[in-house]
Number of protein chains: 2
Amino acid sequence: MPLDQILLGDSIQMMAGLPAGSVDLVFADPPYNLQLGGELKRPDESLVDAVDDDWDRFDSFATYDAFTRAWLLAARRALKPNGTLFVIGSYHNIFRVGAMMQDLGFWILNDIVWRKANPMPNFRGRRFTNAHETLIWAARSADAKYTFNYEALKAGNEDVQVRSDWLFPLCTGQERLKDGAGKKLHPTQKPEALLARVLLSATKPGDVVLDPFFGSGTTGAVARRLRRSFIGIEREEAYAQAARARIDAVEPLPEDALIAPPSAREAPRVAFSVLVERGLVTPGAELTDAKGRFRAVVRADGTLSLAGGQNVGSIHRVGALAQGAEACNGWTFWHVEEEGRRHPIDVLRARLRAEMGIAAE
Amino acid sequence: MPLDQILLGDSIQMMAGLPAGSVDLVFADPPYNLQLGGELKRPDESLVDAVDDDWDRFDSFATYDAFTRAWLLAARRALKPNGTLFVIGSYHNIFRVGAMMQDLGFWILNDIVWRKANPMPNFRGRRFTNAHETLIWAARSADAKYTFNYEALKAGNEDVQVRSDWLFPLCTGQERLKDGAGKKLHPTQKPEALLARVLLSATKPGDVVLDPFFGSGTTGAVARRLRRSFIGIEREEAYAQAARARIDAVEPLPEDALIAPPSAREAPRVAFSVLVERGLVTPGAELTDAKGRFRAVVRADGTLSLAGGQNVGSIHRVGALAQGAEACNGWTFWHVEEEGRRHPIDVLRARLRAEMGIAAE
DNA sequence: GCGTAGTATGAATCGGCCA
DNA sequence: TTGGCCGATTCATACTACG
């Protein structure tokens, strides 16, 4: 595995050389300018002739589709079963890419809109200002258990879920790489903030990120800063050299600035019976719901028995029965009274987890 | 030409019965092919009323593609040479529709994002909130001389060009048609504001607008109000009848009042993570309260980690935890030191808002 | 009539683990 | 592979009920 390296060569060929099922995330910013035939090559590296009649236009789409299919298949092979793929594009190419992804079995999780804070105006006044680009986020298959750092994203967003429309400025100023003459080095350099949002959303520290159209190396620079590994593939040596220098200058963030906060989903399971065993709840104690309308008694084995009936079962089952609901989270439904105030029993579980955490150290 | 009428029947067949080259604009809201799984419940156990109608069920992508190809061809035939087409969809279908449009020779002018002001949340926390839908605007061919009311749109938008991302609320409240039992009549009724923006952008008064998936008749109602003619095609008689009554109740606007209203502006909510992404705060930096008694470290994802513990969360939650309070405004509680002086992080937010300026919408 | 609290709802591809 | 059970999860708006 060529970790933290830039591979010089054709994307499809180089991806074929990687071990199958080895990559956690693919970020792809493929070429999309269908008008410039000279920029577009077939999978076999042959040049597509510039064309202008109907049949040739069809030929152009077909060629682009073949190219898209080939690199998507190679990326799919390189991905771990639970890995995900981001592709960015504009209306010129994104519809073809998205349809091909569906055809190949990728499972779309979101389409995401990068709203440009400072887009280029439409000078001719013949269309709406083209003020966004589209990202497609997809899992390798419909049943994949993909990474999504939901809690961390929400906590960093005023405690509200992050939406599918993201606002970022273009990559300009100091961040924009320049060549020797002071001109922009790469025509489509993406802002680091956009890549940071992508990597923080769908990877963990240490994960491997593959970028088959590496360009000026934004993916690598952000990966290094966020302590992810990267594999970059770039055909043009000038871009690869500039990217290498750029990435080497990046200082990784301190590790403790990156460890994901413990999420409720990943927290170690604590059974209600353990609370009883440890004495945080006494057998025979009475639990109520938040408003005191339903009551249940704690039994020594960690089950509950519903007051006024002979129903016995788990905190969840009995909570559901009490309400006549199909399901219920007993941890938040049932409350215990301490010093005249009602707390959800989840508070007791948190207390026990804290104790256990300290003991484990 | 059946002007200002609702044709009862199949879209493709009825479009075939229209004169070729007779329509100025097609607005199409085809089935999205949602492919929903089982039931989805909100955290409060209430059931989400999903779109599970027969008309949205397709066996396979191939079936959906064949359907899409057929109606697009019929619409293309009905369009005048200089007419344009709007299609609305979600990530489930829009990529297939867009690719097919390109294959059939349509020339895409813009893709447009309808940003929903009040989208339904992602209840399970497994994806980004699906907060937008996509419209594709295309001319019949690349050399068409299409209608685009650039000056009027700009004048109605505080004299700046209208962007490709539009912000509108969902169709709810009084505007939403109800059946006899007070339930929503149609599962996917679109807001009139969205259709008004479409018609004001790409048609002149008196133009003919064809909607082959008429549903509750939003296109017809807005067309009548804006003094455009419409042709609606709808398969279900109940929808057609309700649409007829709805449209008959519309009073056309005075002829001299047909300029687009200015779009509502929204104070941008700036998340703390954006300050980190933009580099106004560095991951690893230390924040304190005003008196320096509590300390916390900034993490790369925009969360804080409280010094002396493993508590991690939003600036607000961690501020509350530090004080043992129930709630806390992190923006005013946490301070950053610059040149020997402490400022609330709200000062940084104000700085960023000033930079972002107009773009936030 | 006004303010507040509570309820309803919107195009949704919305688990994981173990037996 | 399947079934059962644990237990995690929501934002903006509009409307109704009530004092």
# chains A, B, ... in the order shown; residues from 1 in each chain; ligands from 1
$ interface_residues --of "chain C" --to "chain B" --cutoff "7 Å" --atoms "only C-alpha atoms (C1' of nucleotides)" --output "number ranges by chain"
C: 10-11, 13-14
$ write_last_selection --atoms "N, CA and C atoms (P, O5', C5', C4', C3', O3' and C1' of nucleotides)" --output "PDB file, in the first residue's frame"
ATOM      1  P    DG C  10     -47.622  15.792   5.725  1.00  0.00           P
ATOM      2  O5'  DG C  10     -46.614  16.360   4.625  1.00  0.00           O
ATOM      3  C5'  DG C  10     -46.550  17.759   4.383  1.00  0.00           C
ATOM      4  C4'  DG C  10     -45.119  18.166   4.090  1.00  0.00           C
ATOM      5  C3'  DG C  10     -44.334  17.205   3.198  1.00  0.00           C
ATOM      6  O3'  DG C  10     -43.522  17.977   2.313  1.00  0.00           O
ATOM      7  C1'  DG C  10     -43.194  17.508   5.250  1.00  0.00           C
ATOM      8  P    DA C  11     -43.425  17.649   0.834  1.00  0.00           P
ATOM      9  O5'  DA C  11     -42.748  16.223   0.782  1.00  0.00           O
ATOM     10  C5'  DA C  11     -42.688  15.509  -0.428  1.00  0.00           C
ATOM     11  C4'  DA C  11     -41.935  14.224  -0.178  1.00  0.00           C
ATOM     12  C3'  DA C  11     -40.435  14.387   0.027  1.00  0.00           C
ATOM     13  O3'  DA C  11     -39.933  13.209   0.690  1.00  0.00           O
ATOM     14  C1'  DA C  11     -40.855  13.410  -2.074  1.00  0.00           C
ATOM     15  P    DT C  13     -34.080  10.371   1.660  1.00  0.00           P
ATOM     16  O5'  DT C  13     -34.466   8.884   1.243  1.00  0.00           O
ATOM     17  C5'  DT C  13     -33.866   7.794   1.876  1.00  0.00           C
ATOM     18  C4'  DT C  13     -34.293   6.532   1.244  1.00  0.00           C
ATOM     19  C3'  DT C  13     -33.576   5.298   1.774  1.00  0.00           C
ATOM     20  O3'  DT C  13     -34.282   4.789   2.882  1.00  0.00           O
ATOM     21  C1'  DT C  13     -33.887   5.265  -0.609  1.00  0.00           C
ATOM     22  P    DC C  14     -33.644   3.935   3.986  1.00  0.00           P
ATOM     23  O5'  DC C  14     -32.919   5.081   4.814  1.00  0.00           O
ATOM     24  C5'  DC C  14     -31.538   4.950   5.175  1.00  0.00           C
ATOM     25  C4'  DC C  14     -31.382   5.345   6.619  1.00  0.00           C
ATOM     26  C3'  DC C  14     -32.229   4.506   7.542  1.00  0.00           C
ATOM     27  O3'  DC C  14     -31.586   4.332   8.781  1.00  0.00           O
ATOM     28  C1'  DC C  14     -32.817   6.757   7.788  1.00  0.00           C
TER      29       DC C  14
END
$ closest_atom_pairs --of "chain D" --to "chain B" --cutoff "7 Å" --atoms "only C-alpha atoms (C1' of nucleotides)" --output "JSON lines"
{"residue": "D:DT9", "atom": "C1'", "partner": "B:Arg124", "partner_atom": "CA", "distance": 4.5}
{"residue": "D:DT10", "atom": "C1'", "partner": "B:Phe123", "partner_atom": "CA", "distance": 5.3}
{"residue": "D:DC11", "atom": "C1'", "partner": "B:Pro121", "partner_atom": "CA", "distance": 5.8}
{"residue": "D:DA12", "atom": "C1'", "partner": "B:Asn118", "partner_atom": "CA", "distance": 4.7}
{"residue": "D:DA14", "atom": "C1'", "partner": "B:Gly173", "partner_atom": "CA", "distance": 6.0}
$ write_last_selection --atoms "all heavy atoms" --output "short mmCIF file (atom, residue, chain, number, x, y, z; two decimals), in the first residue's frame"
data_model
loop_
_atom_site.label_atom_id
_atom_site.label_comp_id
_atom_site.auth_asym_id
_atom_site.auth_seq_id
_atom_site.Cartn_x
_atom_site.Cartn_y
_atom_site.Cartn_z
P DT D 9 -28.37 9.02 19.71
OP1 DT D 9 -27.11 9.57 19.19
OP2 DT D 9 -28.79 9.24 21.10
"O5'" DT D 9 -29.56 9.51 18.78
"C5'" DT D 9 -29.40 9.44 17.37
"C4'" DT D 9 -30.70 9.80 16.72
"O4'" DT D 9 -31.65 8.73 16.89
"C3'" DT D 9 -31.41 11.00 17.33
"O3'" DT D 9 -31.00 12.17 16.64
"C2'" DT D 9 -32.89 10.71 17.10
"C1'" DT D 9 -32.94 9.26 16.70
N1 DT D 9 -33.87 8.43 17.51
C2 DT D 9 -34.89 7.78 16.86
O2 DT D 9 -35.05 7.86 15.66
N3 DT D 9 -35.72 7.04 17.68
C4 DT D 9 -35.61 6.90 19.04
O4 DT D 9 -36.41 6.20 19.65
C5 DT D 9 -34.52 7.60 19.66
C7 DT D 9 -34.32 7.50 21.14
C6 DT D 9 -33.71 8.32 18.88
P DT D 10 -31.46 13.63 17.16
OP1 DT D 10 -30.41 14.54 16.75
OP2 DT D 10 -31.88 13.57 18.58
"O5'" DT D 10 -32.76 13.86 16.27
"C5'" DT D 10 -32.62 13.93 14.87
"C4'" DT D 10 -33.58 14.94 14.29
"O4'" DT D 10 -34.93 14.45 14.43
"C3'" DT D 10 -33.57 16.28 15.02
"O3'" DT D 10 -32.65 17.14 14.36
"C2'" DT D 10 -35.02 16.77 14.84
"C1'" DT D 10 -35.83 15.50 14.68
N1 DT D 10 -36.62 15.11 15.87
C2 DT D 10 -37.98 14.91 15.74
O2 DT D 10 -38.57 15.06 14.70
N3 DT D 10 -38.60 14.52 16.91
C4 DT D 10 -38.02 14.34 18.14
O4 DT D 10 -38.68 14.00 19.10
C5 DT D 10 -36.60 14.55 18.20
C7 DT D 10 -35.87 14.36 19.50
C6 DT D 10 -35.98 14.93 17.09
P DC D 11 -32.27 18.54 15.01
OP1 DC D 11 -30.87 18.82 14.69
OP2 DC D 11 -32.75 18.58 16.38
"O5'" DC D 11 -33.17 19.55 14.15
"C5'" DC D 11 -32.80 19.83 12.82
"C4'" DC D 11 -33.79 20.77 12.20
"O4'" DC D 11 -35.04 20.09 11.97
"C3'" DC D 11 -34.13 22.00 13.02
"O3'" DC D 11 -34.08 23.11 12.14
"C2'" DC D 11 -35.55 21.73 13.53
"C1'" DC D 11 -36.12 20.89 12.39
N1 DC D 11 -37.22 19.94 12.73
C2 DC D 11 -38.21 19.68 11.77
O2 DC D 11 -38.14 20.25 10.70
N3 DC D 11 -39.19 18.79 12.07
C4 DC D 11 -39.21 18.19 13.25
N4 DC D 11 -40.19 17.33 13.48
C5 DC D 11 -38.21 18.45 14.24
C6 DC D 11 -37.24 19.33 13.94
P DA D 12 -34.21 24.59 12.56
OP1 DA D 12 -33.07 25.31 12.00
OP2 DA D 12 -34.50 24.66 14.01
"O5'" DA D 12 -35.52 25.05 11.77
"C5'" DA D 12 -35.58 24.79 10.38
"C4'" DA D 12 -36.99 25.00 9.89
"O4'" DA D 12 -37.83 23.93 10.35
"C3'" DA D 12 -37.64 26.29 10.35
"O3'" DA D 12 -38.26 26.88 9.24
"C2'" DA D 12 -38.64 25.85 11.41
"C1'" DA D 12 -39.00 24.46 10.92
N9 DA D 12 -39.40 23.53 11.97
C8 DA D 12 -38.84 23.38 13.21
N7 DA D 12 -39.39 22.44 13.94
C5 DA D 12 -40.39 21.94 13.12
C6 DA D 12 -41.34 20.91 13.30
N6 DA D 12 -41.44 20.19 14.43
N1 DA D 12 -42.18 20.65 12.29
C2 DA D 12 -42.07 21.36 11.16
N3 DA D 12 -41.22 22.35 10.88
C4 DA D 12 -40.40 22.58 11.90
P DA D 14 -45.43 29.12 8.48
OP1 DA D 14 -45.55 29.62 7.10
OP2 DA D 14 -45.17 30.06 9.60
"O5'" DA D 14 -46.73 28.27 8.84
"C5'" DA D 14 -46.95 27.04 8.19
"C4'" DA D 14 -48.08 26.32 8.89
"O4'" DA D 14 -47.58 25.66 10.07
"C3'" DA D 14 -49.21 27.25 9.36
"O3'" DA D 14 -50.45 26.64 9.07
"C2'" DA D 14 -48.98 27.36 10.86
"C1'" DA D 14 -48.38 26.01 11.18
N9 DA D 14 -47.54 25.99 12.37
C8 DA D 14 -46.59 26.90 12.73
N7 DA D 14 -45.98 26.61 13.87
C5 DA D 14 -46.56 25.43 14.26
C6 DA D 14 -46.36 24.60 15.39
N6 DA D 14 -45.47 24.87 16.34
N1 DA D 14 -47.12 23.49 15.49
C2 DA D 14 -48.02 23.23 14.52
N3 DA D 14 -48.29 23.93 13.43
C4 DA D 14 -47.52 25.03 13.36
#
$ closest_atom_pairs --of "chain A" --to "chain B" --cutoff "6 Å" --atoms "only C-alpha atoms" --output "JSON lines"
{"residue": "A:Phe95", "atom": "CA", "partner": "B:Phe95", "partner_atom": "CA", "distance": 4.1}
{"residue": "A:Arg96", "atom": "CA", "partner": "B:Ala99", "partner_atom": "CA", "distance": 5.0}
{"residue": "A:Gly98", "atom": "CA", "partner": "B:Phe95", "partner_atom": "CA", "distance": 5.3}
{"residue": "A:Ala99", "atom": "CA", "partner": "B:Arg96", "partner_atom": "CA", "distance": 5.0}
{"residue": "A:Ala117", "atom": "CA", "partner": "B:Ala359", "partner_atom": "CA", "distance": 4.9}
{"residue": "A:Phe128", "atom": "CA", "partner": "B:Arg163", "partner_atom": "CA", "distance": 5.3}
{"residue": "A:Thr129", "atom": "CA", "partner": "B:Arg163", "partner_atom": "CA", "distance": 4.5}
{"residue": "A:Asn130", "atom": "CA", "partner": "B:Ser164", "partner_atom": "CA", "distance": 5.5}
{"residue": "A:Ala131", "atom": "CA", "partner": "B:Ser164", "partner_atom": "CA", "distance": 5.5}
{"residue": "A:Ala155", "atom": "CA", "partner": "B:Ser314", "partner_atom": "CA", "distance": 4.4}
{"residue": "A:Gly156", "atom": "CA", "partner": "B:Gly302", "partner_atom": "CA", "distance": 4.3}
{"residue": "A:Asn157", "atom": "CA", "partner": "B:Ala271", "partner_atom": "CA", "distance": 4.7}
{"residue": "A:Glu158", "atom": "CA", "partner": "B:Ala271", "partner_atom": "CA", "distance": 5.6}
{"residue": "A:Val162", "atom": "CA", "partner": "B:Phe128", "partner_atom": "CA", "distance": 5.7}
{"residue": "A:Arg163", "atom": "CA", "partner": "B:Thr129", "partner_atom": "CA", "distance": 4.5}
{"residue": "A:Ser164", "atom": "CA", "partner": "B:Ala131", "partner_atom": "CA", "distance": 5.5}
{"residue": "A:Ala193", "atom": "CA", "partner": "B:Glu277", "partner_atom": "CA", "distance": 5.1}
{"residue": "A:Ala257", "atom": "CA", "partner": "B:Arg299", "partner_atom": "CA", "distance": 4.1}
{"residue": "A:Leu258", "atom": "CA", "partner": "B:Ala300", "partner_atom": "CA", "distance": 5.8}
{"residue": "A:Pro261", "atom": "CA", "partner": "B:Val312", "partner_atom": "CA", "distance": 5.7}
$ write_last_selection --atoms "N, CA, C and O atoms" --output "compact mmCIF listing (two decimals), in the first residue's frame"
# COMPACT_ATOMS: atom_id res chain seq x y z
N PHE A 95 -24.65 14.37 -14.03
CA PHE A 95 -25.81 13.49 -14.25
C PHE A 95 -25.36 12.15 -14.82
O PHE A 95 -25.85 11.09 -14.43
N ARG A 96 -24.40 12.22 -15.73
CA ARG A 96 -23.88 10.98 -16.31
C ARG A 96 -23.15 10.15 -15.25
O ARG A 96 -23.29 8.93 -15.19
N GLY A 98 -23.63 10.26 -11.95
CA GLY A 98 -24.57 9.73 -10.97
C GLY A 98 -25.34 8.53 -11.50
O GLY A 98 -25.52 7.53 -10.80
N ALA A 99 -25.80 8.62 -12.74
CA ALA A 99 -26.54 7.49 -13.33
C ALA A 99 -25.64 6.27 -13.42
O ALA A 99 -26.06 5.14 -13.11
N ALA A 117 -19.77 30.92 -2.24
CA ALA A 117 -20.05 32.23 -1.67
C ALA A 117 -19.74 33.34 -2.67
O ALA A 117 -20.37 34.38 -2.66
N PHE A 128 -28.89 31.79 -15.26
CA PHE A 128 -28.69 32.07 -13.84
C PHE A 128 -27.21 31.93 -13.52
O PHE A 128 -26.50 31.11 -14.13
N THR A 129 -26.73 32.73 -12.58
CA THR A 129 -25.35 32.59 -12.12
C THR A 129 -25.10 31.16 -11.67
O THR A 129 -25.80 30.64 -10.82
N ASN A 130 -24.12 30.52 -12.28
CA ASN A 130 -23.82 29.14 -11.94
C ASN A 130 -23.06 29.13 -10.61
O ASN A 130 -21.84 29.21 -10.59
N ALA A 131 -23.80 29.05 -9.52
CA ALA A 131 -23.25 29.37 -8.20
C ALA A 131 -23.02 28.15 -7.33
O ALA A 131 -22.83 28.28 -6.12
N ALA A 155 -22.63 18.59 16.62
CA ALA A 155 -22.09 19.40 17.72
C ALA A 155 -21.34 20.61 17.18
O ALA A 155 -21.33 21.67 17.79
N GLY A 156 -20.71 20.46 16.01
CA GLY A 156 -19.99 21.58 15.42
C GLY A 156 -20.87 22.51 14.62
O GLY A 156 -20.38 23.45 14.01
N ASN A 157 -22.16 22.24 14.58
CA ASN A 157 -23.10 23.01 13.74
C ASN A 157 -24.25 23.54 14.59
O ASN A 157 -25.40 23.41 14.22
N GLU A 158 -23.88 24.14 15.75
CA GLU A 158 -24.92 24.72 16.60
C GLU A 158 -25.92 23.69 17.09
O GLU A 158 -27.08 24.02 17.32
N VAL A 162 -26.41 18.75 10.11
CA VAL A 162 -25.84 19.40 8.93
C VAL A 162 -26.70 19.06 7.72
O VAL A 162 -27.11 17.91 7.53
N ARG A 163 -27.02 20.07 6.92
CA ARG A 163 -27.89 19.90 5.75
C ARG A 163 -27.08 19.49 4.53
O ARG A 163 -25.87 19.46 4.54
N SER A 164 -27.80 19.22 3.45
CA SER A 164 -27.18 18.80 2.20
C SER A 164 -26.70 19.99 1.36
O SER A 164 -26.21 19.78 0.26
N ALA A 193 -11.44 23.83 2.87
CA ALA A 193 -12.58 23.72 3.79
C ALA A 193 -13.58 22.68 3.30
O ALA A 193 -14.16 21.94 4.09
N ALA A 257 -6.97 16.81 19.09
CA ALA A 257 -7.94 17.69 18.44
C ALA A 257 -8.77 16.92 17.42
O ALA A 257 -9.64 17.49 16.79
N LEU A 258 -8.49 15.64 17.27
CA LEU A 258 -9.12 14.87 16.19
C LEU A 258 -9.89 13.65 16.65
O LEU A 258 -10.71 13.12 15.91
N PRO A 261 -15.48 12.40 19.43
CA PRO A 261 -16.12 12.32 20.73
C PRO A 261 -16.90 11.02 20.83
O PRO A 261 -17.43 10.54 19.84
$ select_by_dssp --residues "range 232-276 of chain A" --states "helix (DSSP H, G or I)" --output "list in words"
Glu237, Ala238, Tyr239, Ala240, Gln241, Ala242, Ala243, Arg244, Ala245, Arg246, Ile247, Asp248, Glu255, Asp256, Ala257, Phe272, Ser273, Val274, Leu275 and Val276 of chain A
$ closest_atom_pairs --of "chain D" --to "range 2-7 of chain C" --cutoff "10 Å" --atoms "only C-alpha atoms (C1' of nucleotides)" --output "CSV"
residue,atom,partner,partner_atom,distance
D:DC15,C1',C:DT7,C1',8.5
D:DT16,C1',C:DT7,C1',7.8
D:DA17,C1',C:DG6,C1',8.2
D:DC18,C1',C:DA5,C1',8.8
D:DG19,C1',C:DT4,C1',9.2
$ write_last_selection --atoms "all heavy atoms" --output "mmCIF file, in the first residue's frame"
data_model
loop_
_atom_site.group_PDB
_atom_site.id
_atom_site.type_symbol
_atom_site.label_atom_id
_atom_site.label_comp_id
_atom_site.auth_asym_id
_atom_site.auth_seq_id
_atom_site.Cartn_x
_atom_site.Cartn_y
_atom_site.Cartn_z
ATOM 1 P P DC D 15 -51.801 27.506 9.107
ATOM 2 O OP1 DC D 15 -52.438 27.372 7.799
ATOM 3 O OP2 DC D 15 -51.504 28.845 9.655
ATOM 4 O "O5'" DC D 15 -52.658 26.733 10.178
ATOM 5 C "C5'" DC D 15 -52.678 25.307 10.153
ATOM 6 C "C4'" DC D 15 -52.947 24.781 11.537
ATOM 7 O "O4'" DC D 15 -51.779 24.986 12.362
ATOM 8 C "C3'" DC D 15 -54.100 25.489 12.254
ATOM 9 O "O3'" DC D 15 -55.144 24.556 12.478
ATOM 10 C "C2'" DC D 15 -53.490 25.995 13.558
ATOM 11 C "C1'" DC D 15 -52.231 25.148 13.682
ATOM 12 N N1 DC D 15 -51.144 25.778 14.474
ATOM 13 C C2 DC D 15 -50.689 25.147 15.639
ATOM 14 O O2 DC D 15 -51.223 24.079 15.979
ATOM 15 N N3 DC D 15 -49.696 25.720 16.360
ATOM 16 C C4 DC D 15 -49.156 26.862 15.945
ATOM 17 N N4 DC D 15 -48.171 27.384 16.686
ATOM 18 C C5 DC D 15 -49.597 27.524 14.752
ATOM 19 C C6 DC D 15 -50.575 26.946 14.057
ATOM 20 P P DT D 16 -56.534 25.059 13.126
ATOM 21 O OP1 DT D 16 -57.587 24.388 12.379
ATOM 22 O OP2 DT D 16 -56.519 26.535 13.269
ATOM 23 O "O5'" DT D 16 -56.459 24.450 14.599
ATOM 24 C "C5'" DT D 16 -55.901 23.165 14.809
ATOM 25 C "C4'" DT D 16 -55.921 22.859 16.293
ATOM 26 O "O4'" DT D 16 -54.747 23.425 16.922
ATOM 27 C "C3'" DT D 16 -57.123 23.418 17.035
ATOM 28 O "O3'" DT D 16 -57.585 22.439 17.959
ATOM 29 C "C2'" DT D 16 -56.565 24.652 17.739
ATOM 30 C "C1'" DT D 16 -55.123 24.240 17.999
ATOM 31 N N1 DT D 16 -54.139 25.363 18.065
ATOM 32 C C2 DT D 16 -53.214 25.366 19.072
ATOM 33 O O2 DT D 16 -53.164 24.513 19.937
ATOM 34 N N3 DT D 16 -52.340 26.432 19.039
ATOM 35 C C4 DT D 16 -52.308 27.451 18.113
ATOM 36 O O4 DT D 16 -51.480 28.337 18.185
ATOM 37 C C5 DT D 16 -53.304 27.378 17.078
ATOM 38 C C7 DT D 16 -53.361 28.442 16.034
ATOM 39 C C6 DT D 16 -54.162 26.352 17.102
ATOM 40 P P DA D 17 -58.931 22.703 18.787
ATOM 41 O OP1 DA D 17 -59.705 21.449 18.707
ATOM 42 O OP2 DA D 17 -59.529 23.987 18.388
ATOM 43 O "O5'" DA D 17 -58.349 22.857 20.263
ATOM 44 C "C5'" DA D 17 -57.214 22.097 20.651
ATOM 45 C "C4'" DA D 17 -56.819 22.482 22.064
ATOM 46 O "O4'" DA D 17 -55.835 23.544 22.010
ATOM 47 C "C3'" DA D 17 -57.962 23.001 22.929
ATOM 48 O "O3'" DA D 17 -57.799 22.494 24.245
ATOM 49 C "C2'" DA D 17 -57.795 24.523 22.866
ATOM 50 C "C1'" DA D 17 -56.290 24.668 22.730
ATOM 51 N N9 DA D 17 -55.852 25.857 21.989
ATOM 52 C C8 DA D 17 -56.414 26.371 20.846
ATOM 53 N N7 DA D 17 -55.802 27.446 20.401
ATOM 54 C C5 DA D 17 -54.762 27.643 21.303
ATOM 55 C C6 DA D 17 -53.757 28.607 21.385
ATOM 56 N N6 DA D 17 -53.620 29.605 20.510
ATOM 57 N N1 DA D 17 -52.880 28.520 22.417
ATOM 58 C C2 DA D 17 -53.033 27.516 23.296
ATOM 59 N N3 DA D 17 -53.936 26.550 23.317
ATOM 60 C C4 DA D 17 -54.781 26.669 22.285
ATOM 61 P P DC D 18 -58.937 22.739 25.342
ATOM 62 O OP1 DC D 18 -59.011 21.488 26.116
ATOM 63 O OP2 DC D 18 -60.139 23.297 24.693
ATOM 64 O "O5'" DC D 18 -58.290 23.861 26.251
ATOM 65 C "C5'" DC D 18 -56.908 23.781 26.554
ATOM 66 C "C4'" DC D 18 -56.460 25.071 27.195
ATOM 67 O "O4'" DC D 18 -56.049 26.010 26.174
ATOM 68 C "C3'" DC D 18 -57.549 25.783 28.017
ATOM 69 O "O3'" DC D 18 -57.020 26.102 29.284
ATOM 70 C "C2'" DC D 18 -57.854 27.039 27.198
ATOM 71 C "C1'" DC D 18 -56.498 27.293 26.551
ATOM 72 N N1 DC D 18 -56.548 28.149 25.340
ATOM 73 C C2 DC D 18 -55.546 29.115 25.157
ATOM 74 O O2 DC D 18 -54.652 29.229 25.997
ATOM 75 N N3 DC D 18 -55.591 29.907 24.057
ATOM 76 C C4 DC D 18 -56.582 29.751 23.165
ATOM 77 N N4 DC D 18 -56.573 30.530 22.098
ATOM 78 C C5 DC D 18 -57.598 28.768 23.334
ATOM 79 C C6 DC D 18 -57.548 28.001 24.429
ATOM 80 P P DG D 19 -57.981 26.401 30.504
ATOM 81 O OP1 DG D 19 -57.881 25.246 31.407
ATOM 82 O OP2 DG D 19 -59.286 26.833 29.986
ATOM 83 O "O5'" DG D 19 -57.277 27.638 31.205
ATOM 84 C "C5'" DG D 19 -55.856 27.685 31.280
ATOM 85 C "C4'" DG D 19 -55.398 29.132 31.312
ATOM 86 O "O4'" DG D 19 -55.437 29.672 29.968
ATOM 87 C "C3'" DG D 19 -56.285 30.037 32.172
ATOM 88 O "O3'" DG D 19 -55.473 30.901 32.944
ATOM 89 C "C2'" DG D 19 -57.090 30.836 31.147
ATOM 90 C "C1'" DG D 19 -56.104 30.919 29.984
ATOM 91 N N9 DG D 19 -56.726 31.113 28.681
ATOM 92 C C8 DG D 19 -57.820 30.448 28.173
ATOM 93 N N7 DG D 19 -58.149 30.834 26.974
ATOM 94 C C5 DG D 19 -57.207 31.804 26.654
ATOM 95 C C6 DG D 19 -57.063 32.586 25.485
ATOM 96 O O6 DG D 19 -57.733 32.566 24.464
ATOM 97 N N1 DG D 19 -55.980 33.469 25.596
ATOM 98 C C2 DG D 19 -55.159 33.575 26.692
ATOM 99 N N2 DG D 19 -54.179 34.464 26.610
ATOM 100 N N3 DG D 19 -55.291 32.848 27.786
ATOM 101 C C4 DG D 19 -56.331 31.991 27.701
#
$ calpha_fit_rmsd --fixed "chain B" --moving "chain A"
17.5 Å
$ residues_around --residues "Leu177 in chain B" --least-positions-apart "4" --cutoff "12 Å" --atoms "only C-alpha atoms (C1' of nucleotides)" --output "VMD selection string"
chain B and resid 171 to 173 181 to 192 215 to 218 239 242 to 243 245 to 247
$ decode --residues "range 317-321 of chain B" --atoms "N, CA, C and O atoms" --output "tab-separated table (two decimals), in the first residue's frame"
chain	number	residue	atom	x	y	z
B	317	ARG	N	-22.84	23.25	24.74
B	317	ARG	CA	-22.97	22.16	25.70
B	317	ARG	C	-21.77	22.13	26.65
B	317	ARG	O	-21.92	21.95	27.85
B	318	VAL	N	-20.57	22.30	26.09
B	318	VAL	CA	-19.37	22.25	26.92
B	318	VAL	C	-19.33	23.46	27.86
B	318	VAL	O	-18.91	23.35	29.02
B	319	GLY	N	-19.81	24.61	27.40
B	319	GLY	CA	-19.90	25.77	28.28
B	319	GLY	C	-20.83	25.50	29.45
B	319	GLY	O	-20.55	25.86	30.60
B	320	ALA	N	-21.97	24.85	29.14
B	320	ALA	CA	-22.92	24.51	30.20
B	320	ALA	C	-22.31	23.52	31.18
B	320	ALA	O	-22.42	23.67	32.40
B	321	LEU	N	-21.62	22.50	30.64
B	321	LEU	CA	-20.99	21.49	31.49
B	321	LEU	C	-19.97	22.13	32.43
B	321	LEU	O	-19.90	21.81	33.62
